[in-house]
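Enquirer: Sharing a structure, written as structure tokens. Questions coming.
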Amino acid sequence: MDSKSSNVLNGIAFGQSDSARFIKSKRSFDIVYTIEDNIYKRNEVQLQIEDIQPSDEVS
């Protein structure tokens with residue numbers, strides 16, 4: 001979910017299992033991604049996540 005707009009986008013992150021702790025912690029994190037069409041799931045747009053890092057933003 002984008003914290004500024006509250007929009008939810010699906011994403012996939014191959015080979016990023018080490019970064020799962022950032023997502024599970026429910027703290028802010030930054031991602032690097034490309035936008036792709038997921039033709040296997042009703043032609044939805046999804047994020048192809050390349051990298052995940054904890055956010056430097058202070059809450």
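By order of appearance in the structure tokens: chains A, B, ..., then residues from 1 within every chain, and ligands from 1 in the order shown.
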When you look at stretch 26-30 of chain A with a cut-off of 8 Å (counting only C-alpha atoms), what residues show up, excluding the ones that are within fewer than 3 positions of it in the same chain? I need them as a PDB file with N, CA and C atoms, in the first residue's frame.
Expert:
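What ended up in out-v5.pdb:
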```pdb
ATOM      1  N   PHE A  22      11.473  -6.960   6.165  1.00  0.00           N
ATOM      2  CA  PHE A  22      11.049  -5.562   6.087  1.00  0.00           C
ATOM      3  C   PHE A  22       9.533  -5.473   5.917  1.00  0.00           C
ATOM      4  N   ILE A  23       8.984  -6.357   5.126  1.00  0.00           N
ATOM      5  CA  ILE A  23       7.547  -6.346   4.873  1.00  0.00           C
ATOM      6  C   ILE A  23       6.789  -6.829   6.111  1.00  0.00           C
ATOM      7  N   ILE A  52      14.518  -4.293  -2.153  1.00  0.00           N
ATOM      8  CA  ILE A  52      13.748  -3.833  -1.000  1.00  0.00           C
ATOM      9  C   ILE A  52      14.734  -3.433   0.088  1.00  0.00           C
ATOM     10  N   GLN A  53      14.562  -2.237   0.639  1.00  0.00           N
ATOM     11  CA  GLN A  53      15.432  -1.744   1.712  1.00  0.00           C
ATOM     12  C   GLN A  53      14.573  -1.041   2.750  1.00  0.00           C
ATOM     13  N   PRO A  54      15.004  -1.041   4.021  1.00  0.00           N
ATOM     14  CA  PRO A  54      14.243  -0.284   5.027  1.00  0.00           C
ATOM     15  C   PRO A  54      14.276   1.192   4.693  1.00  0.00           C
ATOM     16  N   SER A  55      13.185   1.879   4.970  1.00  0.00           N
ATOM     17  CA  SER A  55      13.090   3.305   4.668  1.00  0.00           C
ATOM     18  C   SER A  55      13.892   4.097   5.682  1.00  0.00           C
ATOM     19  N   GLU A  57      12.994   7.036   6.383  1.00  0.00           N
ATOM     20  CA  GLU A  57      11.983   7.949   6.916  1.00  0.00           C
ATOM     21  C   GLU A  57      11.747   7.676   8.401  1.00  0.00           C
TER      22      GLU A  57
END
```
Enquirer: Please extract the residues of chain A with a backbone DSSP assignment of helix (DSSP H, G or I) and present them as a list in words.
Expert: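 Filtering chain A down to helix (DSSP H, G or I) leaves Ser17, Asp18, Ser19, Ala20, Arg21, Phe22, Ile23 and Lys24 of chain A.
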Enquirer: For a quick check of understanding, using only C-alpha atoms, which of A:Gln48, A:Ile31, A:Ser25, A:Glu36 has the smallest distance to A:Ile12?
Expert: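 Of A:Gln48, A:Ile31, A:Ser25, A:Glu36, the one nearest A:Ile12, counting only C-alpha atoms, is A:Gln48.
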Enquirer: Excluding A:Gly15 and its own-chain neighbours fewer than 3 positions away, which residues fall within 10 Å of it when counting only C-alpha atoms? Please give them as a tab-separated table (two decimals) with N, CA and C atoms, in the first residue's frame.
Expert:
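The file below, result38.tsv, is the result:
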```
chain	number	residue	atom	x	y	z
A	12	ILE	N	5.60	-8.73	-7.30
A	12	ILE	CA	6.29	-10.00	-7.19
A	12	ILE	C	7.78	-9.70	-7.09
A	18	ASP	N	15.19	-12.75	1.48
A	18	ASP	CA	15.91	-12.12	2.59
A	18	ASP	C	15.28	-10.80	3.00
A	19	SER	N	14.57	-10.16	2.11
A	19	SER	CA	13.95	-8.87	2.39
A	19	SER	C	12.56	-8.99	3.00
A	49	ILE	N	9.42	-6.31	-8.49
A	49	ILE	CA	10.28	-5.70	-7.48
A	49	ILE	C	11.70	-6.19	-7.65
A	50	GLU	N	12.63	-5.24	-7.76
A	50	GLU	CA	14.04	-5.55	-7.97
A	50	GLU	C	14.84	-5.49	-6.67
A	51	ASP	N	14.45	-4.59	-5.74
A	51	ASP	CA	15.19	-4.45	-4.48
A	51	ASP	C	14.26	-3.90	-3.41
```
Enquirer: Applying 12 Å and only C-alpha atoms, which residues near A:Asn38 remain after dropping the ones on its own chain fewer than 3 positions away? List them as a list of chain:residue names.
Expert: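 Everything that qualifies: A:Leu9, A:Asn10, A:Gly11, A:Ile12, A:Ile35, A:Lys41, A:Arg42, A:Asn43, A:Glu44, A:Val45, A:Gln46, A:Leu47, A:Gln48.
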Enquirer: Can you spit out the residues from that selection as a short mmCIF file (atom, residue, chain, number, x, y, z; two decimals), in the first residue's frame, using N, CA, C and O atoms?
Expert:
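Writing done, so here's part-v2.cif:
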```cif
data_model
loop_
_atom_site.label_atom_id
_atom_site.label_comp_id
_atom_site.auth_asym_id
_atom_site.auth_seq_id
_atom_site.Cartn_x
_atom_site.Cartn_y
_atom_site.Cartn_z
N LEU A 9 -1.14 -2.10 -4.73
CA LEU A 9 -0.71 -2.72 -5.98
C LEU A 9 -0.07 -4.06 -5.66
O LEU A 9 0.67 -4.19 -4.68
N ASN A 10 -0.35 -5.05 -6.50
CA ASN A 10 0.30 -6.35 -6.35
C ASN A 10 1.71 -6.27 -6.90
O ASN A 10 1.97 -5.55 -7.86
N GLY A 11 2.59 -7.03 -6.28
CA GLY A 11 3.96 -7.08 -6.75
C GLY A 11 4.53 -8.47 -6.58
O GLY A 11 4.01 -9.29 -5.82
N ILE A 12 5.60 -8.73 -7.30
CA ILE A 12 6.29 -10.00 -7.19
C ILE A 12 7.78 -9.70 -7.09
O ILE A 12 8.29 -8.79 -7.75
N ILE A 35 7.06 -1.63 -13.75
CA ILE A 35 5.64 -1.94 -13.88
C ILE A 35 5.46 -2.89 -15.06
O ILE A 35 5.98 -2.64 -16.14
N LYS A 41 -3.00 -13.26 -14.94
CA LYS A 41 -4.03 -12.96 -13.94
C LYS A 41 -4.87 -11.78 -14.41
O LYS A 41 -4.71 -10.66 -13.94
N ARG A 42 -5.73 -12.02 -15.37
CA ARG A 42 -6.71 -11.03 -15.85
C ARG A 42 -6.08 -9.73 -16.33
O ARG A 42 -6.64 -8.67 -16.16
N ASN A 43 -4.90 -9.76 -16.90
CA ASN A 43 -4.25 -8.58 -17.44
C ASN A 43 -4.12 -7.44 -16.43
O ASN A 43 -4.29 -6.28 -16.74
N GLU A 44 -3.84 -7.77 -15.18
CA GLU A 44 -3.64 -6.77 -14.15
C GLU A 44 -2.22 -6.22 -14.22
O GLU A 44 -1.30 -6.89 -14.66
N VAL A 45 -2.06 -5.01 -13.74
CA VAL A 45 -0.73 -4.41 -13.63
C VAL A 45 -0.13 -4.90 -12.32
O VAL A 45 -0.81 -5.00 -11.30
N GLN A 46 1.15 -5.24 -12.34
CA GLN A 46 1.84 -5.62 -11.12
C GLN A 46 3.24 -5.01 -11.11
O GLN A 46 3.75 -4.62 -12.15
N LEU A 47 3.81 -4.93 -9.93
CA LEU A 47 5.16 -4.42 -9.79
C LEU A 47 6.14 -5.58 -9.81
O LEU A 47 5.96 -6.57 -9.09
N GLN A 48 7.17 -5.49 -10.63
CA GLN A 48 8.28 -6.45 -10.62
C GLN A 48 9.33 -5.83 -9.71
O GLN A 48 10.02 -4.88 -10.09
#
```
